[in-house]
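What follows is final-v8.txt (compact mmCIF, C-alpha atoms and all ligand atoms).
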```
# COMPACT_ATOMS: atom_id res chain seq x y z
CA MET R 1 15.03 -27.38 -0.70
CA LEU R 2 11.27 -27.32 -1.36
CA THR R 3 10.07 -27.26 -4.95
CA LEU R 4 8.17 -24.15 -6.00
CA MET R 5 4.86 -26.06 -5.82
CA GLU R 6 5.70 -27.33 -2.33
CA ALA R 7 6.53 -23.77 -1.32
CA ILE R 8 3.17 -22.51 -2.67
CA GLU R 9 1.45 -25.08 -0.46
CA ALA R 10 3.64 -24.65 2.62
CA ARG R 11 3.72 -20.83 2.77
CA ARG R 12 1.83 -19.07 5.59
CA SER R 13 2.06 -15.50 6.81
CA ILE R 14 4.31 -15.48 9.87
CA ARG R 15 4.31 -12.40 12.11
CA ARG R 16 6.56 -13.51 15.00
CA TYR R 17 10.23 -14.24 14.47
CA THR R 18 13.15 -15.64 16.44
CA GLU R 19 16.46 -13.79 16.78
CA ARG R 20 18.32 -16.36 14.66
CA PRO R 21 19.89 -14.54 11.71
CA LEU R 22 19.71 -15.84 8.15
CA ASP R 23 22.82 -17.89 7.41
CA ALA R 24 25.26 -16.57 4.80
CA ALA R 25 24.25 -19.04 2.07
CA THR R 26 20.53 -18.25 2.45
CA ALA R 27 21.16 -14.51 2.55
CA GLY R 28 23.36 -14.86 -0.56
CA GLU R 29 20.64 -16.71 -2.49
CA LEU R 30 18.03 -14.12 -1.58
CA LYS R 31 20.36 -11.25 -2.51
CA ALA R 32 21.05 -12.84 -5.89
CA LEU R 33 17.31 -13.13 -6.59
CA VAL R 34 16.71 -9.55 -5.48
CA ASP R 35 19.48 -8.37 -7.87
CA GLU R 36 17.84 -10.34 -10.69
CA CYS R 37 14.44 -8.75 -9.91
CA ASN R 38 16.05 -5.32 -9.87
CA ARG R 39 17.29 -5.87 -13.43
CA GLU R 40 13.79 -6.91 -14.64
CA ALA R 41 11.27 -4.97 -12.57
CA PRO R 42 10.09 -1.36 -13.02
CA LEU R 43 10.74 -0.76 -9.29
CA SER R 44 13.55 -1.31 -6.80
CA LEU R 45 13.73 -4.01 -4.21
CA SER R 46 16.06 -3.76 -1.19
CA LEU R 47 16.83 -6.59 1.16
CA LEU R 48 17.57 -5.28 4.64
CA LEU R 49 19.20 -7.81 6.92
CA ASP R 50 19.74 -7.43 10.63
CA GLU R 51 17.86 -4.12 10.67
CA PRO R 52 15.48 -4.27 13.65
CA GLN R 53 14.69 -0.51 13.68
CA GLY R 54 12.01 -0.47 10.96
CA PHE R 55 9.52 -2.63 12.81
CA SER R 56 10.59 -1.66 16.36
CA SER R 57 8.64 1.60 16.26
CA LEU R 58 5.40 -0.29 15.58
CA MET R 59 5.33 -2.08 18.92
CA GLY R 60 1.83 -2.25 20.32
CA ARG R 61 0.29 -1.11 17.05
CA VAL R 62 0.71 -4.27 14.99
CA ASN R 63 0.97 -7.95 15.82
CA PHE R 64 4.47 -8.39 14.36
CA ARG R 65 7.29 -9.33 16.77
CA GLY R 66 11.04 -9.67 16.36
CA VAL R 67 11.28 -8.61 12.70
CA ARG R 68 15.00 -8.07 11.95
CA ASN R 69 14.98 -8.63 8.19
CA TYR R 70 12.69 -7.31 5.52
CA LEU R 71 12.31 -6.57 1.85
CA ALA R 72 11.33 -3.02 0.92
CA LEU R 73 9.81 -2.26 -2.50
CA VAL R 74 10.22 1.31 -3.65
CA GLY R 75 9.16 2.99 -6.90
CA ASP R 76 8.17 6.11 -8.81
CA LYS R 77 5.45 7.88 -6.86
CA ASP R 78 3.42 8.71 -9.98
CA ALA R 79 3.56 5.30 -11.65
CA ASP R 80 1.12 2.45 -11.23
CA LEU R 81 3.44 -0.17 -9.81
CA GLN R 82 1.02 -2.10 -7.63
CA GLU R 83 0.82 -5.18 -9.80
CA ALA R 84 4.57 -5.38 -10.50
CA CYS R 85 5.13 -5.02 -6.79
CA GLY R 86 2.90 -8.01 -6.07
CA TYR R 87 4.52 -10.11 -8.79
CA TYR R 88 8.15 -9.50 -7.82
CA GLY R 89 7.51 -9.44 -4.08
CA GLU R 90 5.88 -12.86 -4.26
CA LYS R 91 8.77 -14.17 -6.34
CA VAL R 92 11.03 -13.37 -3.38
CA VAL R 93 8.49 -14.70 -0.83
CA LEU R 94 8.27 -18.08 -2.54
CA ARG R 95 12.06 -18.39 -2.92
CA ALA R 96 12.37 -17.53 0.77
CA THR R 97 9.81 -20.25 1.58
CA GLN R 98 11.80 -22.73 -0.50
CA LEU R 99 14.87 -21.82 1.55
CA GLY R 100 13.04 -22.27 4.88
CA VAL R 101 12.61 -18.53 5.53
CA ALA R 102 9.22 -17.33 6.79
CA SER R 103 7.57 -14.13 5.57
CA CYS R 104 4.62 -11.78 5.82
CA TRP R 105 3.55 -8.94 3.54
CA PHE R 106 3.10 -5.77 5.55
CA GLY R 107 0.93 -2.98 4.19
CA SER R 108 0.39 -1.12 7.45
CA PHE R 109 3.74 0.71 7.36
CA PHE R 110 1.90 4.06 7.54
CA LEU R 111 1.35 3.27 11.25
CA GLY R 112 4.91 4.39 12.00
CA PHE R 113 7.42 2.18 10.20
CA LYS R 114 10.95 3.70 10.38
CA LYS R 115 12.14 4.15 6.81
CA ASP R 116 15.66 5.47 7.60
CA ALA R 117 17.45 2.33 6.42
CA ILE R 118 15.68 2.31 3.04
CA THR R 119 16.92 4.32 0.07
CA ILE R 120 13.98 6.33 -1.27
CA GLY R 121 14.67 8.87 -4.03
CA PRO R 122 12.87 12.26 -4.18
CA GLN R 123 10.50 11.01 -6.93
CA GLU R 124 9.91 7.71 -5.16
CA LYS R 125 7.77 6.23 -2.41
CA LEU R 126 7.73 3.09 -0.31
CA LEU R 127 5.19 0.71 -1.86
CA ILE R 128 5.26 -2.27 0.47
CA VAL R 129 7.36 -4.07 3.08
CA ILE R 130 7.72 -7.84 3.46
CA ALA R 131 8.98 -9.21 6.79
CA LEU R 132 11.44 -12.13 6.54
CA GLY R 133 13.11 -14.42 9.05
CA HIS R 134 12.90 -17.61 11.06
CA GLY R 135 9.40 -18.08 12.37
CA ALA R 136 8.59 -18.29 16.07
CA GLU R 137 5.11 -19.59 15.17
CA GLU R 138 3.67 -22.07 12.70
CA GLY R 139 0.92 -20.11 11.00
CA ARG R 140 -2.28 -21.66 9.70
CA PRO R 141 -3.77 -22.21 6.25
CA HIS R 142 -6.09 -19.32 5.39
CA LYS R 143 -9.81 -19.68 4.74
CA SER R 144 -10.56 -19.52 1.04
CA LYS R 145 -13.42 -18.64 -1.25
CA PRO R 146 -14.81 -21.64 -3.16
CA LEU R 147 -12.56 -22.47 -6.11
CA GLU R 148 -15.41 -22.00 -8.64
CA SER R 149 -15.91 -18.40 -7.51
CA LEU R 150 -12.32 -17.54 -8.49
CA TYR R 151 -12.51 -18.43 -12.19
CA HIS R 152 -14.69 -18.30 -15.24
CA THR R 153 -14.40 -20.18 -18.50
CA ALA R 154 -16.12 -18.78 -21.56
CA GLY R 155 -17.25 -21.33 -24.13
CA VAL R 156 -15.30 -24.17 -22.46
CA GLU R 157 -17.36 -26.88 -20.81
CA ASP R 158 -14.71 -28.41 -18.56
CA ALA R 159 -11.90 -26.20 -17.37
CA PRO R 160 -8.60 -27.85 -18.39
CA GLU R 161 -6.43 -29.31 -15.64
CA TRP R 162 -3.55 -26.84 -16.18
CA PHE R 163 -5.98 -23.95 -15.72
CA LEU R 164 -7.45 -25.40 -12.51
CA GLN R 165 -3.92 -26.05 -11.28
CA GLY R 166 -3.17 -22.35 -11.75
CA VAL R 167 -6.35 -21.24 -9.96
CA ARG R 168 -5.67 -23.62 -7.05
CA ALA R 169 -2.21 -22.13 -6.63
CA ALA R 170 -3.63 -18.59 -6.81
CA ARG R 171 -6.14 -19.51 -4.08
CA LEU R 172 -3.23 -20.42 -1.77
CA ALA R 173 -1.57 -17.03 -2.29
CA PRO R 174 -1.45 -14.27 0.32
CA THR R 175 -3.84 -11.37 -0.29
CA ALA R 176 -4.35 -8.26 1.84
CA ARG R 177 -6.81 -9.09 4.66
CA ASN R 178 -7.24 -12.41 2.86
CA GLN R 179 -9.65 -10.61 0.54
CA GLN R 180 -9.13 -12.85 -2.56
CA LYS R 181 -10.77 -10.29 -4.84
CA PHE R 182 -9.61 -11.76 -8.12
CA LEU R 183 -10.98 -13.72 -11.05
CA PHE R 184 -9.13 -15.77 -13.68
CA VAL R 185 -10.85 -15.98 -17.05
CA LEU R 186 -10.11 -18.51 -19.79
CA ALA R 187 -11.47 -17.38 -23.14
CA GLU R 188 -10.32 -18.30 -26.64
CA GLY R 189 -7.30 -20.11 -25.26
CA ARG R 190 -6.04 -17.05 -23.38
CA VAL R 191 -5.95 -16.44 -19.63
CA THR R 192 -6.64 -13.05 -18.14
CA ALA R 193 -6.85 -12.04 -14.50
CA GLN R 194 -8.86 -9.19 -13.08
CA VAL R 195 -9.77 -7.55 -9.80
CA VAL R 196 -13.33 -8.10 -8.62
CA GLY R 197 -14.78 -5.42 -6.40
CA GLY R 198 -11.49 -3.92 -5.35
CA GLY R 199 -10.23 -2.61 -2.06
CA ALA R 200 -6.88 -1.58 -0.63
CA PHE R 201 -4.00 -3.47 -2.25
CA SER R 202 -6.27 -5.40 -4.64
CA ARG R 203 -4.01 -4.65 -7.64
CA MET R 204 -0.96 -5.71 -5.63
CA ASP R 205 -2.83 -8.92 -4.78
CA LEU R 206 -3.48 -9.41 -8.51
CA GLY R 207 0.28 -9.42 -9.18
CA ILE R 208 0.76 -11.95 -6.38
CA VAL R 209 -1.92 -14.36 -7.59
CA ARG R 210 -0.72 -13.99 -11.18
CA TYR R 211 2.75 -15.13 -10.11
CA HIS R 212 1.27 -18.21 -8.38
CA PHE R 213 -0.93 -19.02 -11.40
CA GLU R 214 1.92 -18.72 -13.89
CA MET R 215 4.31 -20.84 -11.84
CA ALA R 216 1.75 -23.60 -11.26
CA SER R 217 0.30 -23.73 -14.79
CA GLY R 218 3.31 -22.73 -16.88
CA VAL R 219 0.99 -20.37 -18.78
CA GLN R 220 1.31 -16.59 -19.02
CA VAL R 221 -1.54 -14.40 -17.83
CA SER R 222 -2.50 -10.96 -19.12
CA THR R 223 -4.19 -8.39 -16.90
C1 LIG I 301 -0.47 -6.63 0.02
C2 LIG I 301 -0.60 -7.29 1.38
C3 LIG I 301 -0.57 -6.53 2.54
C4 LIG I 301 -0.68 -7.14 3.80
N1 LIG I 301 -0.58 -6.37 4.92
C5 LIG I 301 -0.66 -6.95 6.14
C6 LIG I 301 -0.54 -6.17 7.33
O1 LIG I 301 -0.37 -4.94 7.27
N2 LIG I 301 -0.61 -6.80 8.54
C7 LIG I 301 -0.78 -8.15 8.63
O2 LIG I 301 -0.83 -8.67 9.74
N3 LIG I 301 -0.89 -8.94 7.52
C8 LIG I 301 -0.83 -8.37 6.29
N4 LIG I 301 -0.93 -9.15 5.16
C9 LIG I 301 -1.04 -10.62 5.27
C10 LIG I 301 -2.46 -11.13 4.98
O3 LIG I 301 -3.30 -10.84 6.09
C11 LIG I 301 -2.41 -12.64 4.70
O4 LIG I 301 -1.68 -12.87 3.54
C12 LIG I 301 -3.80 -13.25 4.55
O5 LIG I 301 -4.53 -13.17 5.76
C13 LIG I 301 -3.73 -14.72 4.12
O6 LIG I 301 -3.02 -15.50 5.04
P1 LIG I 301 -1.72 -16.31 4.63
O7 LIG I 301 -0.75 -15.33 4.01
O8 LIG I 301 -1.21 -16.91 5.90
O9 LIG I 301 -2.11 -17.36 3.63
C14 LIG I 301 -0.84 -8.56 3.88
C15 LIG I 301 -0.89 -9.31 2.71
C16 LIG I 301 -0.77 -8.70 1.48
C17 LIG I 301 -0.78 -9.54 0.25
```
With the file now loaded, output its structure as structure tokens.
Ligand SMILES: Cc1cc2nc3c(=O)[nH]c(=O)nc-3n(C[C@H](O)[C@H](O)[C@H](O)COP(=O)(O)O)c2cc1C
Amino acid sequence: MLTLMEAIEARRSIRRYTERPLDAATAGELKALVDECNREAPLSLSLLLDEPQGFSSLMGRVNFRGVRNYLALVGDKDADLQEACGYYGEKVVLRATQLGVASCWFGSFFLGFKKDAITIGPQEKLLIVIALGHGAEEGRPHKSKPLESLYHTAGVEDAPEWFLQGVRAARLAPTARNQQKFLFVLAEGRVTAQVVGGGAFSRMDLGIVRYHFEMASGVQVST
């Protein structure tokens, strides 16, 4: 199994999948992690396995093919859950990567995703979907903004190695349309992360990059 750092480096968004199902041990590990997230997170995560209907109605409208498994994140429609969604979704994505399971965040579900298999309460809404499965393509590393444009250190001449390690890991993270609209700030020994500019899903992205930073640096980030 890949280490978490190896998974951060190896992960790519994969949009085409083979028909091979997840084996029982892999599915069991992912289910256990999803249960753990459901105990901690202010939203609910559901792992749908062998459920090809959701994505099938999107044929021709998106470049995803053969998606038979996915994670659906659902939460209170009036709450601001974007960041938590990013944080917990990426926790599952990286564990999947460690287990050899490919993934891709999917924010375009408004184009006609079939939600019938997902439990959504009357006060809830679907926040995001993440496709999972065995990849039928390799994927490529994404283009990135220069590292220096993604952080700022106040009153510190040389950014410490642990901080740079965190920013490097954040730079490898998936963001919607690869927008990378985030900034990590080190000031008075504390790390904060913020959205720069904004755009659709930028707060969800912030949760994703925060998870990468924390795992790579071992240091907690406030937002
Ligand atoms: C919140 C979010 C929503 C996304 N929605 C879509 C989507 O609807 N369609 C798609 O093809 N890719 C989607 N992506 C994948 C991004 O395009 C991808 O992460 C980015 O281009 C970086 O590439 P990489 O993940 O391979 O590193 C989404 C990513 C995130 C984080």
#### Entry: Within 8 Å of range 66-79 of chain R using all atoms listed in the file, minus same-chain residues under 2 positions, as a count of residues only
36
### Message
6 Å from ligand LIG 301 (chain I) is the threshold here; counting all atoms listed in the file, which polymer residues fall inside it? Answer as a list in words.
### Response
Arg12, Ser13, Cys104, Trp105, Phe106, Gly107, Ser108, Pro141, His142, Ala173, Pro174, Thr175, Ala176, Arg177, Asn178, Phe201, Met204 and Asp205 of chain R
### Task
Between CA of Gln82 in chain R and CA of Arg203 in chain R, measure the distance and give it in Å to one decimal.
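If I compute the distance from CA of Gln82 in chain R to CA of Arg203 in chain R, I get 5.6 Å.
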### Message
Under the rule that all atoms listed in the file are counted, which of R:Pro146, R:Gly197, R:Gly207, R:Gly28 is the nearest residue to Leu99 in chain R?
### Response
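Under the stated criterion, the closest residue is R:Gly28.
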### Straight-line distance linking CA of Trp162 in chain R with CA of Ala216 in chain R, stated in Å to one decimal
7.9 Å
Axis-aligned box for range 23-30 of chain R, 5 Å per side, centre and edges in Å as AutoDock Vina command-line options:
```
--center_x 21.6 --center_y -16.6 --center_z 2.5 --size_x 17.2 --size_y 14.9 --size_z 19.9
```
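The closest residue to Thr192 in chain R, picked from R:Val92, R:Leu206, R:Ala25, R:Ala136 and counting all atoms listed in the file, is R:Leu206.
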### Residue among R:Leu111, R:Arg168, R:Glu188, R:Met1 lying closest to Ala96 in chain R, counting only C-alpha atoms
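Closest residue, counting only C-alpha atoms: R:Met1.
Using all atoms listed in the file, the smallest distance between any of R:Pro122, R:Gly60, R:Gly218, R:Gly112 and Leu164 in chain R comes from R:Gly218.
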### Counting only C-alpha atoms, the option among R:Gln179, R:Asn63, R:Thr3, R:Thr119 closest to Met215 in chain R
R:Thr3
### Who sits within 8 Å of Ile8 in chain R, only C-alpha atoms, same chain under 5 positions skipped, as a list in words
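Within the cut-off, the hits are Leu94, Ala169, Leu172, Ala173 and His212 of chain R.
Using all atoms listed in the file, the nearest neighbour of Arg65 in chain R within the list R:Lys31, R:Arg39, R:His134, R:Lys115 is R:His134.
The spacing separating CA of Glu157 in chain R from CA of Val219 in chain R amounts to 19.6 Å.
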